[in-house]
$ cat coords-v9.cif   # mmCIF, C-alpha atoms
data_entry
loop_
_atom_site.label_atom_id
_atom_site.label_comp_id
_atom_site.auth_asym_id
_atom_site.auth_seq_id
_atom_site.Cartn_x
_atom_site.Cartn_y
_atom_site.Cartn_z
CA MET Y 7 -6.91 0.28 -10.84
CA ARG Y 8 -6.15 -1.67 -14.02
CA ALA Y 9 -8.38 -4.63 -14.75
CA VAL Y 10 -9.40 -6.99 -17.54
CA VAL Y 11 -12.93 -5.97 -18.48
CA VAL Y 12 -15.40 -8.11 -20.44
CA SER Y 13 -17.93 -5.80 -22.10
CA GLU Y 14 -19.46 -8.33 -24.48
CA TYR Y 15 -19.56 -12.12 -24.32
CA GLY Y 16 -17.15 -13.82 -26.68
CA VAL Y 17 -15.46 -10.55 -27.69
CA LEU Y 18 -11.83 -9.80 -26.83
CA PRO Y 19 -11.74 -8.14 -23.37
CA GLU Y 20 -9.67 -5.01 -22.75
CA VAL Y 21 -7.35 -3.88 -19.98
CA ARG Y 22 -8.48 -0.49 -18.69
CA ASP Y 23 -8.85 1.63 -15.59
CA VAL Y 24 -11.86 0.94 -13.36
CA PRO Y 25 -12.78 1.97 -9.79
CA GLU Y 26 -11.07 0.05 -6.98
CA PRO Y 27 -13.30 -2.11 -4.75
CA SER Y 28 -14.10 -0.85 -1.26
CA ALA Y 29 -13.66 -2.65 2.04
CA ASP Y 30 -17.28 -2.90 3.13
CA ALA Y 31 -18.31 -4.14 6.56
CA GLY Y 32 -17.12 -7.71 7.06
CA SER Y 33 -14.87 -7.66 3.99
CA VAL Y 34 -11.29 -6.88 3.04
CA VAL Y 35 -9.64 -5.68 -0.15
CA VAL Y 36 -6.66 -7.69 -1.37
CA ARG Y 37 -3.91 -6.34 -3.58
CA VAL Y 38 -3.58 -9.12 -6.16
CA GLU Y 39 0.00 -10.35 -6.49
CA ALA Y 40 -0.88 -13.39 -8.62
CA THR Y 41 -4.04 -14.91 -10.08
CA GLY Y 42 -4.70 -18.05 -12.09
CA LEU Y 43 -6.19 -18.34 -15.56
CA CYS Y 44 -8.81 -21.10 -15.37
CA ARG Y 45 -11.14 -22.64 -17.93
CA SER Y 46 -14.04 -21.53 -15.72
CA ASP Y 47 -13.01 -17.96 -16.58
CA TRP Y 48 -13.37 -18.85 -20.26
CA HIS Y 49 -16.88 -20.23 -19.67
CA GLY Y 50 -17.78 -16.96 -17.97
CA TRP Y 51 -16.39 -14.92 -20.86
CA MET Y 52 -18.43 -17.03 -23.28
CA GLY Y 53 -21.65 -16.28 -21.39
CA HIS Y 54 -22.16 -19.73 -19.88
CA ASP Y 55 -22.68 -18.43 -16.32
CA PRO Y 56 -26.02 -16.77 -15.50
CA ASP Y 57 -24.59 -14.99 -12.43
CA ILE Y 58 -22.35 -12.73 -14.50
CA VAL Y 59 -23.53 -9.22 -15.28
CA LEU Y 60 -21.67 -7.17 -17.90
CA PRO Y 61 -19.40 -5.28 -17.81
CA HIS Y 62 -17.44 -7.79 -15.79
CA VAL Y 63 -13.95 -8.53 -14.43
CA PRO Y 64 -13.12 -12.30 -14.36
CA GLY Y 65 -10.73 -14.13 -12.05
CA HIS Y 66 -11.41 -16.34 -9.04
CA GLU Y 67 -8.15 -17.91 -7.80
CA PHE Y 68 -5.68 -15.43 -6.38
CA ALA Y 69 -3.18 -14.56 -3.67
CA GLY Y 70 -1.92 -11.24 -2.41
CA THR Y 71 -1.67 -8.85 0.53
CA ILE Y 72 -4.49 -7.19 2.41
CA ALA Y 73 -4.78 -3.54 1.32
CA ALA Y 74 -7.82 -2.49 3.38
CA VAL Y 75 -9.87 -3.99 6.21
CA GLY Y 76 -13.59 -3.33 6.69
CA THR Y 77 -15.34 -2.94 10.01
CA GLY Y 78 -16.10 -6.14 11.91
CA VAL Y 79 -13.09 -8.07 10.58
CA ALA Y 80 -10.93 -9.19 13.50
CA GLY Y 81 -7.51 -10.82 13.40
CA TRP Y 82 -6.45 -9.47 10.02
CA ALA Y 83 -4.37 -6.42 9.15
CA VAL Y 84 -3.11 -4.50 6.16
CA GLY Y 85 -0.05 -6.26 4.74
CA ASP Y 86 -1.08 -9.82 5.72
CA ARG Y 87 -0.28 -12.37 3.01
CA VAL Y 88 -3.49 -14.25 2.13
CA THR Y 89 -5.41 -16.38 -0.28
CA THR Y 90 -9.04 -17.53 -0.24
CA PRO Y 91 -11.17 -20.35 -1.63
CA PHE Y 92 -13.04 -19.52 -4.82
CA ILE Y 93 -16.22 -20.02 -2.77
CA CYS Y 94 -16.68 -17.16 -0.31
CA ALA Y 95 -19.12 -18.60 2.22
CA CYS Y 96 -21.43 -16.55 4.45
CA GLY Y 97 -20.38 -18.22 7.70
CA GLN Y 98 -23.88 -18.00 9.21
CA CYS Y 99 -26.07 -20.60 7.49
CA GLU Y 100 -26.63 -24.20 8.62
CA GLN Y 101 -24.04 -25.63 6.23
CA CYS Y 102 -21.40 -23.09 7.26
CA LEU Y 103 -22.01 -23.69 10.96
CA GLU Y 104 -21.46 -27.40 10.33
CA GLY Y 105 -18.15 -26.63 8.57
CA ASN Y 106 -19.41 -27.22 5.03
CA GLN Y 107 -18.67 -23.77 3.62
CA GLN Y 108 -17.96 -25.25 0.18
CA VAL Y 109 -21.71 -25.80 -0.30
CA CYS Y 110 -22.92 -22.59 1.37
CA PRO Y 111 -26.24 -21.62 -0.28
CA ASN Y 112 -25.39 -17.92 0.19
CA GLN Y 113 -21.90 -18.18 -1.30
CA LEU Y 114 -20.33 -15.48 -3.44
CA GLN Y 115 -17.68 -16.27 -6.02
CA PRO Y 116 -15.20 -13.62 -7.21
CA GLY Y 117 -15.16 -13.40 -10.98
CA PHE Y 118 -18.73 -14.66 -11.19
CA ASN Y 119 -21.09 -13.08 -8.64
CA TYR Y 120 -18.95 -9.95 -8.46
CA TRP Y 121 -15.81 -8.48 -10.05
CA GLY Y 122 -12.84 -10.81 -9.73
CA SER Y 123 -9.07 -10.92 -9.58
CA PHE Y 124 -7.97 -10.12 -13.14
CA ALA Y 125 -7.19 -6.75 -11.61
CA GLU Y 126 -4.84 -4.99 -9.23
CA TYR Y 127 -7.33 -5.29 -6.35
CA VAL Y 128 -10.19 -7.64 -5.45
CA ALA Y 129 -12.68 -7.71 -2.56
CA VAL Y 130 -13.18 -10.69 -0.25
CA PRO Y 131 -16.62 -10.77 1.40
CA TYR Y 132 -17.25 -12.55 4.71
CA ALA Y 133 -13.50 -12.19 5.24
CA SER Y 134 -13.34 -13.73 8.71
CA VAL Y 135 -14.65 -17.03 7.29
CA ASN Y 136 -12.78 -17.10 4.00
CA LEU Y 137 -9.27 -15.71 4.43
CA VAL Y 138 -6.34 -18.14 4.58
CA ARG Y 139 -3.02 -16.94 5.98
CA LEU Y 140 -0.06 -17.82 3.76
CA PRO Y 141 3.30 -18.95 5.14
CA ASP Y 142 6.16 -16.62 4.18
CA GLU Y 143 7.96 -19.33 2.22
CA LEU Y 144 5.00 -19.93 -0.13
CA THR Y 145 5.20 -17.76 -3.23
CA PHE Y 146 2.17 -15.83 -4.40
CA ALA Y 147 2.27 -17.61 -7.77
CA THR Y 148 2.05 -21.02 -6.10
CA ALA Y 149 -0.60 -19.85 -3.63
CA ALA Y 150 -2.79 -18.46 -6.43
CA GLY Y 151 -3.22 -21.93 -7.87
CA LEU Y 152 -4.41 -23.34 -4.54
CA GLY Y 153 -7.74 -21.52 -4.32
CA CYS Y 154 -9.53 -23.39 -7.08
CA ARG Y 155 -7.78 -26.20 -8.88
CA PHE Y 156 -5.36 -27.57 -6.29
CA ALA Y 157 -7.60 -27.17 -3.24
CA THR Y 158 -10.54 -28.64 -5.15
CA SER Y 159 -8.44 -31.66 -6.07
CA PHE Y 160 -6.99 -32.02 -2.57
CA ARG Y 161 -10.40 -32.25 -0.99
CA ALA Y 162 -11.74 -34.52 -3.75
CA VAL Y 163 -8.85 -36.98 -3.54
CA HIS Y 164 -8.00 -36.90 0.15
CA GLN Y 165 -11.13 -35.89 2.01
CA VAL Y 166 -13.99 -37.06 -0.26
CA ALA Y 167 -12.58 -40.14 -2.04
CA ARG Y 168 -10.31 -40.94 0.93
CA VAL Y 169 -7.67 -42.40 -1.35
CA ALA Y 170 -5.33 -44.78 0.48
CA ALA Y 171 -1.83 -45.99 -0.30
CA GLY Y 172 -1.82 -48.91 -2.73
CA GLU Y 173 -5.18 -48.06 -4.31
CA ARG Y 174 -5.46 -47.64 -8.06
CA VAL Y 175 -6.81 -44.20 -9.04
CA ALA Y 176 -7.86 -43.32 -12.61
CA ILE Y 177 -8.02 -39.59 -13.35
CA PHE Y 178 -9.86 -38.54 -16.49
CA GLY Y 179 -8.71 -35.14 -17.78
CA CYS Y 180 -5.28 -33.62 -17.11
CA GLY Y 181 -5.97 -29.91 -17.00
CA GLY Y 182 -5.17 -27.95 -13.85
CA VAL Y 183 -7.62 -29.92 -11.69
CA GLY Y 184 -6.62 -33.28 -13.11
CA LEU Y 185 -2.87 -32.71 -12.85
CA SER Y 186 -3.32 -31.51 -9.28
CA ALA Y 187 -5.26 -34.71 -8.55
CA VAL Y 188 -2.46 -36.79 -10.11
CA MET Y 189 0.14 -35.15 -7.86
CA ILE Y 190 -1.98 -35.48 -4.72
CA ALA Y 191 -3.01 -39.12 -5.32
CA ALA Y 192 0.59 -40.08 -6.07
CA ALA Y 193 1.77 -38.35 -2.88
CA LEU Y 194 -0.78 -40.44 -0.95
CA GLY Y 195 0.82 -43.60 -2.34
CA ALA Y 196 -1.77 -44.45 -4.99
CA GLU Y 197 -1.08 -46.14 -8.32
CA VAL Y 198 -2.23 -43.35 -10.64
CA ILE Y 199 -3.63 -43.76 -14.14
CA ALA Y 200 -3.90 -40.48 -16.09
CA ILE Y 201 -6.14 -40.16 -19.15
CA ASP Y 202 -6.07 -37.22 -21.59
CA THR Y 203 -6.01 -36.40 -25.30
CA ASN Y 204 -2.99 -34.10 -24.92
CA GLU Y 205 0.39 -35.84 -24.93
CA ALA Y 206 2.07 -32.81 -23.35
CA ALA Y 207 -0.40 -33.00 -20.46
CA LEU Y 208 0.33 -36.72 -20.08
CA ASP Y 209 4.06 -35.96 -20.00
CA LEU Y 210 3.39 -33.62 -17.08
CA ALA Y 211 1.21 -36.28 -15.43
CA ARG Y 212 4.08 -38.74 -15.57
CA SER Y 213 6.42 -36.19 -14.02
CA TYR Y 214 3.90 -35.64 -11.21
CA GLY Y 215 3.70 -39.33 -10.39
CA ALA Y 216 1.32 -41.07 -12.83
CA VAL Y 217 2.36 -44.71 -13.28
CA HIS Y 218 0.18 -45.30 -16.35
CA THR Y 219 -1.01 -42.85 -19.02
CA LEU Y 220 -3.72 -43.45 -21.59
CA THR Y 221 -5.29 -41.53 -24.45
CA PRO Y 222 -8.97 -41.91 -25.47
CA ALA Y 223 -7.75 -43.39 -28.75
CA ALA Y 224 -6.96 -46.53 -26.76
CA PRO Y 225 -9.71 -48.74 -25.25
CA VAL Y 226 -9.51 -46.89 -21.94
CA VAL Y 227 -12.02 -48.96 -19.97
CA GLY Y 228 -10.47 -52.21 -21.09
CA ALA Y 229 -6.95 -51.02 -20.33
CA ILE Y 230 -7.92 -49.98 -16.79
CA ASN Y 231 -9.77 -53.22 -16.14
CA ASP Y 232 -6.78 -55.20 -17.46
CA LEU Y 233 -4.79 -53.58 -14.64
CA GLY Y 234 -7.37 -54.85 -12.15
CA GLY Y 235 -9.83 -51.98 -12.29
CA ALA Y 236 -9.75 -48.73 -10.35
CA HIS Y 237 -10.57 -48.35 -6.68
CA VAL Y 238 -11.28 -44.68 -7.41
CA THR Y 239 -12.11 -42.83 -10.61
CA ILE Y 240 -12.19 -39.05 -10.98
CA ASP Y 241 -13.78 -37.04 -13.78
CA ALA Y 242 -11.77 -33.82 -13.66
CA LEU Y 243 -13.12 -32.56 -16.99
CA GLY Y 244 -16.90 -32.88 -16.99
CA SER Y 245 -18.28 -35.17 -19.68
CA ALA Y 246 -21.22 -37.57 -19.73
CA GLU Y 247 -19.16 -40.01 -21.80
CA ILE Y 248 -16.24 -39.82 -19.35
CA ALA Y 249 -18.52 -40.28 -16.35
CA GLN Y 250 -19.86 -43.51 -17.85
CA GLN Y 251 -16.36 -44.73 -18.74
CA ALA Y 252 -15.28 -43.97 -15.19
CA LEU Y 253 -18.07 -46.09 -13.73
CA GLU Y 254 -17.22 -48.96 -16.08
CA SER Y 255 -13.57 -48.76 -15.01
CA LEU Y 256 -14.27 -49.27 -11.30
CA ARG Y 257 -13.68 -52.43 -9.32
CA PRO Y 258 -16.62 -53.74 -7.31
CA ARG Y 259 -17.44 -51.31 -4.48
CA GLY Y 260 -15.27 -48.66 -6.09
CA ARG Y 261 -15.79 -44.90 -5.69
CA HIS Y 262 -16.30 -42.34 -8.42
CA VAL Y 263 -15.73 -38.64 -7.71
CA GLN Y 264 -17.31 -36.09 -10.05
CA ILE Y 265 -15.46 -32.75 -10.08
CA GLY Y 266 -16.07 -31.56 -13.64
CA LEU Y 267 -19.46 -29.96 -14.25
CA LEU Y 268 -21.82 -32.14 -16.29
CA PRO Y 269 -24.67 -31.33 -18.66
CA THR Y 270 -28.12 -31.19 -17.07
CA VAL Y 271 -29.12 -34.56 -18.53
CA VAL Y 272 -26.68 -37.47 -18.17
CA THR Y 273 -27.38 -41.12 -18.97
CA LEU Y 274 -25.57 -43.62 -16.78
CA ASN Y 275 -25.61 -47.40 -16.40
CA ALA Y 276 -27.39 -47.32 -13.05
CA GLY Y 277 -27.70 -51.12 -13.10
CA ARG Y 278 -23.93 -51.49 -12.80
CA LEU Y 279 -23.88 -48.83 -10.10
CA ILE Y 280 -26.27 -50.98 -8.06
CA ALA Y 281 -24.97 -54.46 -8.90
CA GLN Y 282 -21.34 -53.59 -8.16
CA GLU Y 283 -22.24 -51.44 -5.13
CA LEU Y 284 -20.39 -48.49 -6.61
CA THR Y 285 -20.37 -45.09 -4.92
CA TRP Y 286 -20.90 -41.80 -6.79
CA LEU Y 287 -19.53 -38.75 -4.96
CA GLY Y 288 -19.62 -35.07 -5.82
CA SER Y 289 -16.90 -32.66 -4.73
CA HIS Y 290 -17.04 -28.86 -4.93
CA GLY Y 291 -14.13 -26.77 -3.69
CA MET Y 292 -12.68 -26.72 -0.17
CA PRO Y 293 -13.45 -24.45 2.80
CA ALA Y 294 -10.82 -22.14 4.26
CA HIS Y 295 -10.68 -24.02 7.57
CA ALA Y 296 -9.46 -27.16 5.74
CA TYR Y 297 -6.40 -25.44 4.20
CA PRO Y 298 -3.93 -26.00 7.08
CA GLU Y 299 -3.59 -29.75 6.38
CA MET Y 300 -2.87 -29.05 2.71
CA LEU Y 301 -0.44 -26.23 3.51
CA ALA Y 302 1.39 -28.48 5.98
CA LEU Y 303 1.92 -31.10 3.28
CA VAL Y 304 3.20 -28.39 0.93
CA ALA Y 305 5.58 -27.09 3.62
CA SER Y 306 6.88 -30.62 4.27
CA GLY Y 307 7.64 -31.14 0.58
CA ASN Y 308 5.16 -34.01 0.18
CA LEU Y 309 3.18 -31.83 -2.22
CA ASN Y 310 4.79 -29.39 -4.65
CA PRO Y 311 2.09 -27.32 -6.39
CA ALA Y 312 4.79 -24.95 -7.69
CA GLN Y 313 5.55 -27.62 -10.31
CA LEU Y 314 2.08 -27.12 -11.78
CA VAL Y 315 2.85 -23.52 -12.83
CA THR Y 316 4.04 -23.71 -16.42
CA ARG Y 317 3.53 -20.12 -17.59
CA THR Y 318 3.47 -16.61 -16.09
CA ILE Y 319 2.03 -13.64 -18.00
CA PRO Y 320 1.35 -9.96 -17.26
CA LEU Y 321 -2.15 -8.50 -17.06
CA THR Y 322 -1.78 -7.00 -20.53
CA GLU Y 323 -1.53 -10.47 -22.11
CA THR Y 324 -4.55 -11.84 -20.24
CA PRO Y 325 -7.27 -10.96 -22.81
CA THR Y 326 -5.43 -12.85 -25.54
CA ALA Y 327 -4.65 -15.79 -23.23
CA LEU Y 328 -8.29 -15.98 -22.13
CA THR Y 329 -9.66 -16.03 -25.67
CA ALA Y 330 -7.00 -18.57 -26.75
CA LEU Y 331 -8.65 -21.11 -24.45
CA THR Y 332 -11.26 -21.51 -27.19
CA ALA Y 333 -8.71 -23.66 -29.01
CA GLY Y 334 -7.96 -25.73 -25.90
CA THR Y 335 -6.37 -25.45 -22.47
CA PRO Y 336 -2.55 -25.41 -22.42
CA PRO Y 337 -0.89 -27.96 -20.12
CA GLY Y 338 -0.26 -26.90 -16.56
CA VAL Y 339 -1.33 -23.68 -14.82
CA THR Y 340 -1.00 -20.16 -16.22
CA ILE Y 341 -0.45 -17.43 -13.61
CA ILE Y 342 -1.15 -13.73 -14.19
CA THR Y 343 0.85 -11.08 -12.33
CA PRO Y 344 -1.10 -7.81 -12.26
#
$ encode --input "coords-v9.cif" --output "structure tokens"
Amino acid sequence: MRAVVVSEYGVLPEVRDVPEPSADAGSVVVRVEATGLCRSDWHGWMGHDPDIVLPHVPGHEFAGTIAAVGTGVAGWAVGDRVTTPFICACGQCEQCLEGNQQVCPNQLQPGFNYWGSFAEYVAVPYASVNLVRLPDELTFATAAGLGCRFATSFRAVHQVARVAAGERVAIFGCGGVGLSAVMIAAALGAEVIAIDTNEAALDLARSYGAVHTLTPAAPVVGAINDLGGAHVTIDALGSAEIAQQALESLRPRGRHVQIGLLPTVVTLNAGRLIAQELTWLGSHGMPAHAYPEMLALVASGNLNPAQLVTRTIPLTETPTALTALTAGTPPGVTIITP
């Protein structure tokens, strides 16, 4: 099969022929019809992830059709249209048995722990736990963006923060995760404030339902508090400075959700956290069993993740697109069609 292969960190990858994955016991092989280009892939290419072993094939959010089924996988057949969370959970540990597959300690992540979806085929381990059946009307390009950015935001906004209609939600960072969060919070009836340095990203945020948009050049905390403060803040980028601004922007008893990965050491105003009875919440992906609610909202038209796709490229252009992320992430979601 053709795949994007990273042979050296920080060096332009190449598209070349490599062996296809096999359908081992408990797993399936998916023919990749579409896969997303994410900033996490760039971090992996730069050598920021200790799980990656070179040579390596990136890619962790994808959709396609099952090409082969391993022994022990019931209920799935060749030709089924599927996607999967970027966290492939084991299904057997305590957390999995409680339904918390997104924090499975035995998880495997395509494009990090093993070769990913910047290829014609990708394996899905623990398939019975991690496969999500796609409705026929959902395109592969739209479905590919669900596995990481959109699903992560859906769970963070709806299931972790429990955003309610009429609440004010400030979303820091309008990349793929942040723009997804804007769309989801707006669909839930929230008054959304979007913050980003990129005016093009803020234009998209407005089109997805943001009522207010701010750039860091403005006094962000003051502007949010002038509106009455946020009931919920979300750091969709991952910055110690943003996390502190988010806490300072909350109303008393407000909730902060941290999605973006932070440095190991972060200094926060814990006194305000205590005095205002603020809540700090972490959110990491979404398990496969939670997808039906999200897919139902997509089918009803209440959510339209297809709007997030702003660019589609072939596999041959992927190495250049991946390395171009060094200069910044383009607005919206880029989809690769192998």
$ closest_residue --input "coords-v9.cif" --among "Y:Leu114, Y:Ala162, Y:Ala149, Y:Ala95" --to "His290 in chain Y" --atoms "all atoms listed in the file"
Y:Ala162
$ resolve_selection --input "coords-v9.cif" --expression "the PyMOL selection byres ((chain Y and resi 184) around 12)" --output "PyMOL selection string"
chain Y and resi 154-160+162-163+175-183+185-191+198-202+207-208+210-211+214+216+239-244+263-266+314+337-339
$ closest_residue --input "coords-v9.cif" --among "Y:Thr322, Y:Thr77, Y:Thr340, Y:Thr332" --to "Trp51 in chain Y" --atoms "all atoms listed in the file"
Y:Thr332
$ residues_around --input "coords-v9.cif" --residues "Leu18 in chain Y" --least-positions-apart "6" --cutoff "8 Å" --atoms "only C-alpha atoms" --output "list in words"
Val12, Pro325, Thr326 and Thr329 of chain Y
$ resolve_selection --input "coords-v9.cif" --expression "the PyMOL selection byres ((chain Y and resi 106) around 12)" --output "PyMOL selection string"
chain Y and resi 93-105+107-111+113+135+161+289-296
$ resolve_selection --input "coords-v9.cif" --expression "the PyMOL selection byres ((chain Y and resi 47) around 10)" --output "short mmCIF file (atom, residue, chain, number, x, y, z; two decimals) with C-alpha atoms, keeping the file's coordinate frame"
data_model
loop_
_atom_site.label_atom_id
_atom_site.label_comp_id
_atom_site.auth_asym_id
_atom_site.auth_seq_id
_atom_site.Cartn_x
_atom_site.Cartn_y
_atom_site.Cartn_z
CA GLY Y 42 -4.70 -18.05 -12.09
CA LEU Y 43 -6.19 -18.34 -15.56
CA CYS Y 44 -8.81 -21.10 -15.37
CA ARG Y 45 -11.14 -22.64 -17.93
CA SER Y 46 -14.04 -21.53 -15.72
CA TRP Y 48 -13.37 -18.85 -20.26
CA HIS Y 49 -16.88 -20.23 -19.67
CA GLY Y 50 -17.78 -16.96 -17.97
CA TRP Y 51 -16.39 -14.92 -20.86
CA MET Y 52 -18.43 -17.03 -23.28
CA HIS Y 54 -22.16 -19.73 -19.88
CA ASP Y 55 -22.68 -18.43 -16.32
CA VAL Y 63 -13.95 -8.53 -14.43
CA PRO Y 64 -13.12 -12.30 -14.36
CA GLY Y 65 -10.73 -14.13 -12.05
CA HIS Y 66 -11.41 -16.34 -9.04
CA GLY Y 117 -15.16 -13.40 -10.98
CA PHE Y 118 -18.73 -14.66 -11.19
CA GLY Y 122 -12.84 -10.81 -9.73
CA PHE Y 124 -7.97 -10.12 -13.14
CA LEU Y 328 -8.29 -15.98 -22.13
CA THR Y 329 -9.66 -16.03 -25.67
CA LEU Y 331 -8.65 -21.11 -24.45
#
$ atom_distance --input "coords-v9.cif" --atom1 "CA of Pro141 in chain Y" --atom2 "CA of Arg87 in chain Y"
7.8 Å
$ closest_residue --input "coords-v9.cif" --among "Y:Leu274, Y:Gln313, Y:Ala305, Y:Gly195" --to "Asp142 in chain Y" --atoms "only C-alpha atoms"
Y:Ala305
$ closest_residue --input "coords-v9.cif" --among "Y:Pro56, Y:Gly334, Y:Gly172, Y:Pro320" --to "Ala9 in chain Y" --atoms "all atoms listed in the file"
Y:Pro320
$ closest_residue --input "coords-v9.cif" --among "Y:Ser123, Y:Thr285, Y:Asn231, Y:Ser33" --to "Ala167 in chain Y" --atoms "all atoms listed in the file"
Y:Thr285
